[in-house]
Amino acid sequence: MPLKKKIQELKKKREEVQMGGGEKAIEKQLSMGKLTARERIVSLLDRDSFHEYDLFVEHEARDFNMDKKVLHGDGVVIGTGTINDEPIAIFAQDFTVAGGSLGLMHARKITKIMDHALKMRMPLIGINDSGGARIQEGVNSLAGYGEIFFRNTLSSGVIPQISVILGPCAGGAVYSPALTDFVFVVENISKMFITGPEVIKTVLGEEISMEDLGGARVHSEITGNAHFFAVSEKECFEQIEKLLSFIPWNNNMKAPKKEPKLPKAKYNIDNIVPGDAKQPYDIRDVVKAIVDDSDFLEVQELWAQNMVIGFGRINGETCGFVCNQPLVLAGVLDVDSSDKAARFIRYCDAFNIPIITLVDLPGYLPGIDQEHAGVIRHGAKILYAYSEATVPKATVIVRKAYGGGYIAMSSRHLRSDFVFAWPTAEIAVMGPEGAANIIFRKEIMSAEDPEEMRKQKVAEYKEKFANPYVAAARGYVDSVIEPVETRKLLIHAIEVAKNKSISGPKKKHGVPPF
Ligand code: HXC
């Protein structure tokens with residue numbers, strides 16, 4: 001056959017396979033506000049940069065009439081391309097083909113691209129839209145998931161792994177995302193659950209919608225499984241591009257340095273923190289008054305909002321910010337906020353991103369709910385993560401730093417490299433009211449006017465301890481600084497620490513309070 005004809009044949013074969021599950025299934029996909037797998041990849045990557053692998057892979061299943069079924073590409077599209085001219089590996093499950101369900105060959109395609117990503121030290125993006133393990137392929141499907149989970153774990157801390165949930169993701173389909181670094185969801189489109197409504201109805205006799213069970217908002221606000229929430233696939237892809245602009249391509253690299261920019265003038269650092277320590281304010285305004293162009297990419301914005309985490313640049317260098325949020329629950333540490341901060345600290349540490357901690361909290365949240373939810377174990381994660389992190393660490397005590405909260409939030413004692421405190425800082429074992437009630441109880445109770453005596457003792461305690469100077473006198477705080485000096489000193493800290501090198505005792509790995 002002449003070459004021209006062979007080329008025509010190839011083109012025809014390609015077109016046929018690229019139709020996935022066929023016109024009707026594609027129409028159904030589009031009618032739900034979803035793009036097709038290939039459209040998603042093309043929208044996300046640089047123009048004309050996508051190269052597809054394994055287009056002609058077919059399944060080999062025989063049971064349940066599968067031998068009569070053609071599943072184009074076995075329900076997944078894999079390949080490599082670029083984003084902002086940097087290489088990435090990607091897979092996108094094709095829901096139009098057997099519901100994107102994962103059979104043996106489908107899994108082999110995914111593991112092929114995962115191996116490629118790890119070898120080439122480039123980020124892996126997985127677009128998930130799948131009914132989970134392909135029921136007809138039995139244990140082969142389960143084996144496929146196991147192979148994926150193993151590779152997710154192997155790649156963890158070496159290359160960034162990004163999961164995008166763009167459809168129903170059931171059963172095994174949610175565990176790979178859970179093992180990756182960042183999970184993106186889209187309103188009304190993303191669903192994540194281990195057992196779907198059908199199973200729940202059968203086993204528990206309860207009716208529940210997919211949205212209520214595991215919709216985008218559920219995972220962004222309640223479970224914390226999702227890190228970024230978007231209202232459309234387009235917005236989601238823009239968020240991914242933005243995230244990639246902040247992070248390094250692998251653990252041997254630093255994040256790309258950008259042109260330094262001053263924070264926007266509207267964020268005046270002197271006017272953010274109220275004089276009255278009981279008044280709340282938005283810690284994000286302090287971050288925006290510090291970072292280049294006031295550009296702060298918040299991670300897990302809608303979950304555990306008493307803790308704010310995210311990326312910003314200081315003089316062009318990416319930093320990870322970990323901040324108490326006085327606007328929500330006075331910024332306390334609790335089960336969820338500890339988990340949120342601890343994981344982010346470990347991400348930054350794995351990928352050479354300096355950590356800046358802004359402190360303003362009254363301590364750990366008291367109460368039976370928290371105790372029974374395991375605040376001891378969860379709270380310990382943040383201590384572990386900060387202690388273990390060897391990237392440059394700078395701490396700014398903005399206002400309250402009480403008790404366990406003072407220690408946990410990147411204190412000198414957990415080896416923060418730079419500890420700055422504003423003159424508004426209050427560093428003590430607990431707040432003045434609580435402290436005075438305990439240590440001056442006898443004097444207060446026996447006084448002629450107990451209320452007046454309480455006020456006096458609170459003021460006495462405040463005068464003595466609720467300031468940064470006692471800690472500064474011991475060297476626990478390096479410098480008491482004016483708020484306006486913060487950015488300059490952080491730039492200095494990052495610069496001074498750029499060759500930081502420390503190592504701990506030799507071990508296989510620690511045993512963190514997972
Ligand atoms: C085989 C599947 C499938 C699956 C969907 N399909 N899920 N085929 N195995 N797991 C097929 C359907 O048969 C259908 O094929 C097509 O995909 C589209 O599915 P629909 O049900 O028509 O779509 P929709 O109404 O949108 O519902 C989507 C869904 C639902 C919510 C995902 O299909 C569903 O509940 N699927 C099962 C989900 C589940 O319980 N998975 C867990 C598997 S166990 P046709 O030919 O009709 O177009 C698991 C264990 C791993 O994953 C654990 C590892 C730790």
# chains A, B, ... in the order shown; residues from 1 in each chain; ligands from 1
call {"tool": "residues_around", "arguments": {"residues": "Asp54 of chain A", "least_positions_apart": "4", "cutoff": "8 Å", "atoms": "only C-alpha atoms", "output": "PDB file with N, CA and C atoms, in the first residue's frame"}}
result
ATOM      1  N   GLY A  73      -9.349   3.574  23.319  1.00  0.00           N
ATOM      2  CA  GLY A  73      -8.290   4.059  24.220  1.00  0.00           C
ATOM      3  C   GLY A  73      -8.450   3.531  25.630  1.00  0.00           C
ATOM      4  N   VAL A  77      -7.083   9.122  28.257  1.00  0.00           N
ATOM      5  CA  VAL A  77      -6.160   9.776  27.319  1.00  0.00           C
ATOM      6  C   VAL A  77      -4.911  10.144  28.117  1.00  0.00           C
ATOM      7  N   ILE A  78      -3.740   9.754  27.625  1.00  0.00           N
ATOM      8  CA  ILE A  78      -2.507  10.091  28.360  1.00  0.00           C
ATOM      9  C   ILE A  78      -1.510  10.774  27.412  1.00  0.00           C
ATOM     10  N   LYS A 109      -2.105   2.415  31.210  1.00  0.00           N
ATOM     11  CA  LYS A 109      -1.819   3.691  30.541  1.00  0.00           C
ATOM     12  C   LYS A 109      -1.473   4.764  31.583  1.00  0.00           C
TER      13      LYS A 109
END
call {"tool": "residues_near_ligand", "arguments": {"ligand": "ligand 1", "cutoff": "6 Å", "atoms": "only C-alpha atoms and all ligand atoms", "output": "list in words"}}
result
Ala98, Gly99, Ser101, Gly131, Gly132, Ala133, Arg134, Ile135, Leu142, Pro168, Ala170, Gly171, Gly172, Thr195 and Gly196 of chain A
call {"tool": "write_last_selection", "arguments": {"atoms": "all heavy atoms", "output": "PDB file, in the first residue's frame"}}
result
ATOM      1  N   ALA A  98     -17.310   3.757  28.698  1.00  0.00           N
ATOM      2  CA  ALA A  98     -17.591   2.929  29.885  1.00  0.00           C
ATOM      3  C   ALA A  98     -17.477   3.722  31.177  1.00  0.00           C
ATOM      4  O   ALA A  98     -16.942   3.246  32.188  1.00  0.00           O
ATOM      5  CB  ALA A  98     -16.663   1.714  29.927  1.00  0.00           C
ATOM      6  N   GLY A  99     -17.960   4.946  31.153  1.00  0.00           N
ATOM      7  CA  GLY A  99     -17.976   5.783  32.359  1.00  0.00           C
ATOM      8  C   GLY A  99     -16.590   6.050  32.918  1.00  0.00           C
ATOM      9  O   GLY A  99     -16.433   6.288  34.120  1.00  0.00           O
ATOM     10  N   SER A 101     -14.467   4.112  33.565  1.00  0.00           N
ATOM     11  CA  SER A 101     -14.138   3.104  34.585  1.00  0.00           C
ATOM     12  C   SER A 101     -12.743   2.526  34.328  1.00  0.00           C
ATOM     13  O   SER A 101     -12.252   2.508  33.204  1.00  0.00           O
ATOM     14  CB  SER A 101     -15.191   1.991  34.609  1.00  0.00           C
ATOM     15  OG  SER A 101     -15.285   1.389  33.342  1.00  0.00           O
ATOM     16  N   GLY A 131     -16.241   6.166  37.004  1.00  0.00           N
ATOM     17  CA  GLY A 131     -17.118   5.380  37.873  1.00  0.00           C
ATOM     18  C   GLY A 131     -16.353   4.414  38.768  1.00  0.00           C
ATOM     19  O   GLY A 131     -16.962   3.571  39.431  1.00  0.00           O
ATOM     20  N   GLY A 132     -15.025   4.504  38.784  1.00  0.00           N
ATOM     21  CA  GLY A 132     -14.235   3.651  39.684  1.00  0.00           C
ATOM     22  C   GLY A 132     -13.800   2.358  39.014  1.00  0.00           C
ATOM     23  O   GLY A 132     -13.732   2.258  37.784  1.00  0.00           O
ATOM     24  N   ALA A 133     -13.533   1.354  39.829  1.00  0.00           N
ATOM     25  CA  ALA A 133     -13.039   0.076  39.310  1.00  0.00           C
ATOM     26  C   ALA A 133     -14.034  -0.499  38.301  1.00  0.00           C
ATOM     27  O   ALA A 133     -15.236  -0.564  38.594  1.00  0.00           O
ATOM     28  CB  ALA A 133     -12.845  -0.889  40.466  1.00  0.00           C
ATOM     29  N   ARG A 134     -13.542  -0.911  37.108  1.00  0.00           N
ATOM     30  CA  ARG A 134     -14.457  -1.474  36.097  1.00  0.00           C
ATOM     31  C   ARG A 134     -14.955  -2.818  36.598  1.00  0.00           C
ATOM     32  O   ARG A 134     -14.172  -3.770  36.745  1.00  0.00           O
ATOM     33  CB  ARG A 134     -13.761  -1.609  34.738  1.00  0.00           C
ATOM     34  CG  ARG A 134     -14.740  -2.014  33.641  1.00  0.00           C
ATOM     35  CD  ARG A 134     -14.092  -1.992  32.273  1.00  0.00           C
ATOM     36  NE  ARG A 134     -13.646  -0.659  31.903  1.00  0.00           N
ATOM     37  CZ  ARG A 134     -12.591  -0.405  31.117  1.00  0.00           C
ATOM     38  NH1 ARG A 134     -11.893  -1.407  30.607  1.00  0.00           N
ATOM     39  NH2 ARG A 134     -12.247   0.824  30.841  1.00  0.00           N
ATOM     40  N   ILE A 135     -16.232  -2.849  36.883  1.00  0.00           N
ATOM     41  CA  ILE A 135     -16.808  -3.994  37.584  1.00  0.00           C
ATOM     42  C   ILE A 135     -16.562  -5.306  36.821  1.00  0.00           C
ATOM     43  O   ILE A 135     -16.191  -6.325  37.407  1.00  0.00           O
ATOM     44  CB  ILE A 135     -18.316  -3.744  37.836  1.00  0.00           C
ATOM     45  CG1 ILE A 135     -18.460  -2.532  38.768  1.00  0.00           C
ATOM     46  CG2 ILE A 135     -18.990  -4.968  38.453  1.00  0.00           C
ATOM     47  CD1 ILE A 135     -19.819  -1.866  38.768  1.00  0.00           C
ATOM     48  N   LEU A 142      -8.867  -3.795  40.469  1.00  0.00           N
ATOM     49  CA  LEU A 142      -8.321  -3.474  41.791  1.00  0.00           C
ATOM     50  C   LEU A 142      -6.802  -3.425  41.736  1.00  0.00           C
ATOM     51  O   LEU A 142      -6.160  -2.539  42.318  1.00  0.00           O
ATOM     52  CB  LEU A 142      -8.780  -4.498  42.827  1.00  0.00           C
ATOM     53  CG  LEU A 142     -10.292  -4.648  42.995  1.00  0.00           C
ATOM     54  CD1 LEU A 142     -10.605  -5.687  44.055  1.00  0.00           C
ATOM     55  CD2 LEU A 142     -10.941  -3.326  43.362  1.00  0.00           C
ATOM     56  N   PRO A 168     -18.100  12.433  38.218  1.00  0.00           N
ATOM     57  CA  PRO A 168     -18.226  11.571  39.387  1.00  0.00           C
ATOM     58  C   PRO A 168     -16.937  10.782  39.564  1.00  0.00           C
ATOM     59  O   PRO A 168     -16.377  10.285  38.591  1.00  0.00           O
ATOM     60  CB  PRO A 168     -19.392  10.641  39.005  1.00  0.00           C
ATOM     61  CG  PRO A 168     -19.434  10.647  37.530  1.00  0.00           C
ATOM     62  CD  PRO A 168     -18.885  11.966  37.072  1.00  0.00           C
ATOM     63  N   ALA A 170     -15.752   7.749  41.900  1.00  0.00           N
ATOM     64  CA  ALA A 170     -16.263   6.844  42.916  1.00  0.00           C
ATOM     65  C   ALA A 170     -15.244   5.770  43.244  1.00  0.00           C
ATOM     66  O   ALA A 170     -14.385   5.434  42.418  1.00  0.00           O
ATOM     67  CB  ALA A 170     -17.550   6.197  42.420  1.00  0.00           C
ATOM     68  N   GLY A 171     -15.338   5.225  44.427  1.00  0.00           N
ATOM     69  CA  GLY A 171     -14.508   4.083  44.822  1.00  0.00           C
ATOM     70  C   GLY A 171     -13.034   4.409  44.708  1.00  0.00           C
ATOM     71  O   GLY A 171     -12.535   5.422  45.220  1.00  0.00           O
ATOM     72  N   GLY A 172     -12.309   3.514  44.014  1.00  0.00           N
ATOM     73  CA  GLY A 172     -10.857   3.678  43.876  1.00  0.00           C
ATOM     74  C   GLY A 172     -10.466   5.006  43.249  1.00  0.00           C
ATOM     75  O   GLY A 172      -9.370   5.513  43.489  1.00  0.00           O
ATOM     76  N   THR A 195     -18.349   5.201  48.513  1.00  0.00           N
ATOM     77  CA  THR A 195     -19.498   4.393  48.098  1.00  0.00           C
ATOM     78  C   THR A 195     -20.605   5.334  47.656  1.00  0.00           C
ATOM     79  O   THR A 195     -20.959   6.275  48.375  1.00  0.00           O
ATOM     80  CB  THR A 195     -20.014   3.522  49.272  1.00  0.00           C
ATOM     81  OG1 THR A 195     -20.109   4.343  50.426  1.00  0.00           O
ATOM     82  CG2 THR A 195     -19.081   2.366  49.553  1.00  0.00           C
ATOM     83  N   GLY A 196     -21.122   5.092  46.469  1.00  0.00           N
ATOM     84  CA  GLY A 196     -22.096   5.984  45.861  1.00  0.00           C
ATOM     85  C   GLY A 196     -23.500   5.831  46.431  1.00  0.00           C
ATOM     86  O   GLY A 196     -23.770   4.941  47.246  1.00  0.00           O
TER      87      GLY A 196
END
call {"tool": "select_by_dssp", "arguments": {"residues": "segment 152-235 of chain A", "states": "strand (DSSP E or B)", "output": "list of chain:residue names"}}
result
A:Gln161, A:Ile162, A:Ser163, A:Val164, A:Ile165, A:Leu166, A:Gly167, A:Pro168, A:Cys169, A:Ala170, A:Phe182, A:Val183, A:Phe184, A:Val185, A:Val186, A:Lys191, A:Met192, A:Phe193, A:Gly215, A:Phe228, A:Phe229, A:Ala230
call {"tool": "residues_around", "arguments": {"residues": "Ala230 of chain A", "least_positions_apart": "4", "cutoff": "6 Å", "atoms": "only C-alpha atoms", "output": "list of chain:residue names"}}
result
A:Val186, A:Glu235, A:Cys236
call {"tool": "residues_around", "arguments": {"residues": "segment 492-502 of chain A", "least_positions_apart": "2", "cutoff": "9 Å", "atoms": "only C-alpha atoms", "output": "list in words"}}
result
Ile314, Glu317, Pro354, Thr390, Val391, Pro392, Lys393, Ala394, Asp417, Phe418, Arg487, Lys488, Leu489, Leu490 and Gly504 of chain A
call {"tool": "residues_around", "arguments": {"residues": "segment 460-468 of chain A", "least_positions_apart": "3", "cutoff": "10 Å", "atoms": "only C-alpha atoms", "output": "NGL selection string"}}
result
:A and (397-402 or 420-433 or 435-436 or 439-440 or 454-457 or 471-473 or 476-477 or 479-480)
call {"tool": "write_last_selection", "arguments": {"atoms": "N, CA and C atoms", "output": "CSV table (one decimal), in the first residue's frame"}}
result
chain,number,residue,atom,x,y,z
A,397,ILE,N,5.4,37.3,64.9
A,397,ILE,CA,4.3,37.3,65.9
A,397,ILE,C,3.6,38.7,65.9
A,398,VAL,N,2.4,38.6,65.4
A,398,VAL,CA,1.7,39.9,65.1
A,398,VAL,C,1.0,40.3,66.3
A,399,ARG,N,0.3,39.4,67.0
A,399,ARG,CA,-0.4,39.8,68.2
A,399,ARG,C,-0.3,38.7,69.3
A,400,LYS,N,-1.4,37.9,69.4
A,400,LYS,CA,-1.4,36.9,70.5
A,400,LYS,C,-0.5,35.7,70.1
A,401,ALA,N,0.2,35.3,71.1
A,401,ALA,CA,0.9,34.0,70.9
A,401,ALA,C,0.9,33.3,72.3
A,402,TYR,N,-0.2,32.6,72.6
A,402,TYR,CA,-0.4,32.1,73.9
A,402,TYR,C,-0.2,30.6,74.0
A,420,PHE,N,10.5,37.3,64.5
A,420,PHE,CA,10.2,38.8,64.6
A,420,PHE,C,8.9,38.9,65.4
A,421,ALA,N,8.8,40.0,66.2
A,421,ALA,CA,7.6,40.3,66.9
A,421,ALA,C,7.2,41.7,66.7
A,422,TRP,N,6.0,42.0,66.4
A,422,TRP,CA,5.5,43.4,66.4
A,422,TRP,C,5.4,43.9,67.8
A,423,PRO,N,5.4,45.2,68.0
A,423,PRO,CA,5.2,45.7,69.4
A,423,PRO,C,3.9,45.3,70.0
A,424,THR,N,2.9,45.0,69.2
A,424,THR,CA,1.6,44.5,69.6
A,424,THR,C,1.6,43.1,70.1
A,425,ALA,N,2.7,42.4,70.0
A,425,ALA,CA,2.7,41.0,70.4
A,425,ALA,C,2.5,40.7,71.9
A,426,GLU,N,1.8,39.7,72.2
A,426,GLU,CA,1.5,39.3,73.6
A,426,GLU,C,1.9,37.8,73.7
A,427,ILE,N,3.1,37.6,74.3
A,427,ILE,CA,3.6,36.2,74.4
A,427,ILE,C,3.5,35.7,75.8
A,428,ALA,N,2.6,34.8,76.1
A,428,ALA,CA,2.4,34.4,77.5
A,428,ALA,C,1.8,33.0,77.5
A,429,VAL,N,1.7,32.4,78.7
A,429,VAL,CA,1.2,31.1,78.8
A,429,VAL,C,-0.3,31.0,78.5
A,430,MET,N,-1.0,32.1,78.8
A,430,MET,CA,-2.4,32.2,78.4
A,430,MET,C,-2.8,33.7,78.5
A,431,GLY,N,-4.1,34.0,78.0
A,431,GLY,CA,-4.5,35.4,78.0
A,431,GLY,C,-4.6,36.0,79.4
A,432,PRO,N,-4.4,37.3,79.5
A,432,PRO,CA,-4.4,38.0,80.8
A,432,PRO,C,-5.5,37.7,81.7
A,433,GLU,N,-6.8,37.7,81.2
A,433,GLU,CA,-7.9,37.4,82.0
A,433,GLU,C,-7.9,36.0,82.7
A,435,ALA,N,-5.3,34.1,83.0
A,435,ALA,CA,-4.1,33.9,83.9
A,435,ALA,C,-4.3,34.6,85.2
A,436,ALA,N,-4.8,35.8,85.2
A,436,ALA,CA,-5.0,36.6,86.5
A,436,ALA,C,-6.0,35.8,87.4
A,439,ILE,N,-3.9,32.8,88.9
A,439,ILE,CA,-2.7,33.0,89.8
A,439,ILE,C,-3.0,34.0,90.9
A,440,PHE,N,-4.1,34.9,90.7
A,440,PHE,CA,-4.4,35.8,91.8
A,440,PHE,C,-5.8,35.5,92.4
A,454,ARG,N,-9.7,42.2,90.4
A,454,ARG,CA,-9.5,41.4,89.2
A,454,ARG,C,-8.9,42.3,88.0
A,455,LYS,N,-9.5,43.5,87.9
A,455,LYS,CA,-9.1,44.4,86.8
A,455,LYS,C,-7.6,44.8,87.0
A,456,GLN,N,-7.3,45.1,88.3
A,456,GLN,CA,-5.9,45.5,88.7
A,456,GLN,C,-4.9,44.4,88.3
A,457,LYS,N,-5.3,43.2,88.7
A,457,LYS,CA,-4.4,42.0,88.5
A,457,LYS,C,-4.3,41.7,87.0
A,471,ALA,N,10.1,37.7,76.0
A,471,ALA,CA,10.7,36.7,75.0
A,471,ALA,C,11.9,37.3,74.3
A,472,ALA,N,11.9,38.5,74.1
A,472,ALA,CA,13.0,39.2,73.4
A,472,ALA,C,14.3,39.2,74.3
A,473,ALA,N,14.0,39.3,75.6
A,473,ALA,CA,15.1,39.3,76.6
A,473,ALA,C,15.8,38.0,76.7
A,476,TYR,N,14.3,34.5,72.5
A,476,TYR,CA,13.3,33.6,71.8
A,476,TYR,C,12.8,34.4,70.6
A,477,VAL,N,12.7,35.7,70.8
A,477,VAL,CA,12.4,36.6,69.7
A,477,VAL,C,13.7,37.3,69.3
A,479,SER,N,14.0,40.0,67.1
A,479,SER,CA,13.9,41.5,67.0
A,479,SER,C,12.4,41.8,67.2
A,480,VAL,N,12.2,42.9,67.9
A,480,VAL,CA,10.9,43.5,68.0
A,480,VAL,C,10.9,44.6,66.9
call {"tool": "residues_around", "arguments": {"residues": "segment 63-65 of chain A", "least_positions_apart": "2", "cutoff": "9 Å", "atoms": "only C-alpha atoms", "output": "PyMOL selection string"}}
result
chain A and resi 61+67-69+136-137
call {"tool": "write_last_selection", "arguments": {"atoms": "N, CA and C atoms", "output": "PDB file, in the first residue's frame"}}
result
ATOM      1  N   ALA A  61     -10.457  -7.630  28.274  1.00  0.00           N
ATOM      2  CA  ALA A  61     -11.423  -8.349  29.116  1.00  0.00           C
ATOM      3  C   ALA A  61     -12.324  -9.243  28.263  1.00  0.00           C
ATOM      4  N   ASP A  67     -15.827  -9.081  25.530  1.00  0.00           N
ATOM      5  CA  ASP A  67     -15.093  -9.371  24.285  1.00  0.00           C
ATOM      6  C   ASP A  67     -15.792  -8.764  23.062  1.00  0.00           C
ATOM      7  N   LYS A  68     -17.064  -8.417  23.220  1.00  0.00           N
ATOM      8  CA  LYS A  68     -17.790  -7.826  22.081  1.00  0.00           C
ATOM      9  C   LYS A  68     -17.748  -6.303  22.134  1.00  0.00           C
ATOM     10  N   LYS A  69     -17.178  -5.760  23.191  1.00  0.00           N
ATOM     11  CA  LYS A  69     -17.192  -4.292  23.356  1.00  0.00           C
ATOM     12  C   LYS A  69     -15.866  -3.671  22.952  1.00  0.00           C
ATOM     13  N   GLN A 136     -16.673  -5.247  35.479  1.00  0.00           N
ATOM     14  CA  GLN A 136     -16.531  -6.481  34.679  1.00  0.00           C
ATOM     15  C   GLN A 136     -15.112  -7.047  34.729  1.00  0.00           C
ATOM     16  N   GLU A 137     -14.122  -6.241  35.098  1.00  0.00           N
ATOM     17  CA  GLU A 137     -12.734  -6.730  35.075  1.00  0.00           C
ATOM     18  C   GLU A 137     -12.245  -7.207  36.439  1.00  0.00           C
TER      19      GLU A 137
END
call {"tool": "closest_residue", "arguments": {"among": "A:Phe296, A:Met445, A:Phe311, A:Gln325", "to": "Tyr281 of chain A", "atoms": "only C-alpha atoms"}}
result
A:Gln325
call {"tool": "closest_atom_pairs", "arguments": {"of": "segment 294-338 of chain A", "to": "segment 243-255 of chain A", "cutoff": "12 Å", "atoms": "only C-alpha atoms", "output": "Markdown table"}}
result
| residue | atom | partner | partner_atom | distance |
| --- | --- | --- | --- | --- |
| A:Asp295 | CA | A:Phe246 | CA | 10.8 |
| A:Phe296 | CA | A:Phe246 | CA | 10.1 |
| A:Leu297 | CA | A:Leu243 | CA | 7.5 |
| A:Glu298 | CA | A:Leu243 | CA | 9.7 |
| A:Val299 | CA | A:Leu243 | CA | 9.4 |
| A:Gly310 | CA | A:Leu243 | CA | 9.8 |
| A:Phe311 | CA | A:Phe246 | CA | 6.9 |
| A:Gly312 | CA | A:Phe246 | CA | 7.7 |
| A:Arg313 | CA | A:Phe246 | CA | 8.2 |
| A:Ile314 | CA | A:Phe246 | CA | 11.6 |
| A:Gly316 | CA | A:Ala255 | CA | 9.8 |
| A:Glu317 | CA | A:Ala255 | CA | 7.3 |
| A:Thr318 | CA | A:Phe246 | CA | 6.0 |
| A:Cys319 | CA | A:Phe246 | CA | 8.6 |
| A:Gly320 | CA | A:Phe246 | CA | 9.6 |
call {"tool": "atom_distance", "arguments": {"atom1": "atom CA of Val57 of chain A", "atom2": "atom CA of Ile162 of chain A"}}
result
24.4 Å
call {"tool": "residues_around", "arguments": {"residues": "Leu365 of chain A", "least_positions_apart": "6", "cutoff": "8 Å", "atoms": "only C-alpha atoms", "output": "ChimeraX atom specification"}}
result
/A:332-334
call {"tool": "write_last_selection", "arguments": {"atoms": "all heavy atoms", "output": "mmCIF file, in the first residue's frame"}}
result
data_model
loop_
_atom_site.group_PDB
_atom_site.id
_atom_site.type_symbol
_atom_site.label_atom_id
_atom_site.label_comp_id
_atom_site.auth_asym_id
_atom_site.auth_seq_id
_atom_site.Cartn_x
_atom_site.Cartn_y
_atom_site.Cartn_z
ATOM 1 N N VAL A 332 -7.853 30.083 66.526
ATOM 2 C CA VAL A 332 -7.372 28.956 67.345
ATOM 3 C C VAL A 332 -6.852 27.800 66.495
ATOM 4 O O VAL A 332 -7.238 27.628 65.338
ATOM 5 C CB VAL A 332 -8.474 28.343 68.250
ATOM 6 C CG1 VAL A 332 -8.810 29.232 69.408
ATOM 7 C CG2 VAL A 332 -9.695 27.963 67.424
ATOM 8 N N LEU A 333 -6.029 26.991 67.122
ATOM 9 C CA LEU A 333 -5.654 25.718 66.503
ATOM 10 C C LEU A 333 -6.675 24.680 66.935
ATOM 11 O O LEU A 333 -7.051 24.619 68.107
ATOM 12 C CB LEU A 333 -4.269 25.281 66.999
ATOM 13 C CG LEU A 333 -3.070 25.940 66.339
ATOM 14 C CD1 LEU A 333 -1.790 25.489 67.032
ATOM 15 C CD2 LEU A 333 -3.003 25.624 64.858
ATOM 16 N N ASP A 334 -7.132 23.887 65.991
ATOM 17 C CA ASP A 334 -8.008 22.770 66.318
ATOM 18 C C ASP A 334 -7.630 21.605 65.409
ATOM 19 O O ASP A 334 -6.604 21.667 64.714
ATOM 20 C CB ASP A 334 -9.491 23.161 66.205
ATOM 21 C CG ASP A 334 -9.856 23.681 64.820
ATOM 22 O OD1 ASP A 334 -9.001 23.633 63.924
ATOM 23 O OD2 ASP A 334 -11.000 24.130 64.633
#
call {"tool": "closest_residue", "arguments": {"among": "A:Ile148, A:Leu166, A:Val396, A:Leu10", "to": "Glu485 of chain A", "atoms": "only C-alpha atoms"}}
result
A:Val396
call {"tool": "closest_residue", "arguments": {"among": "A:Phe91, A:Phe344, A:Phe351, A:Phe228", "to": "Arg40 of chain A", "atoms": "only C-alpha atoms"}}
result
A:Phe91
call {"tool": "closest_residue", "arguments": {"among": "A:Gly21, A:Pro513, A:Pro160, A:Gly81", "to": "Ala342 of chain A", "atoms": "only C-alpha atoms"}}
result
A:Pro513
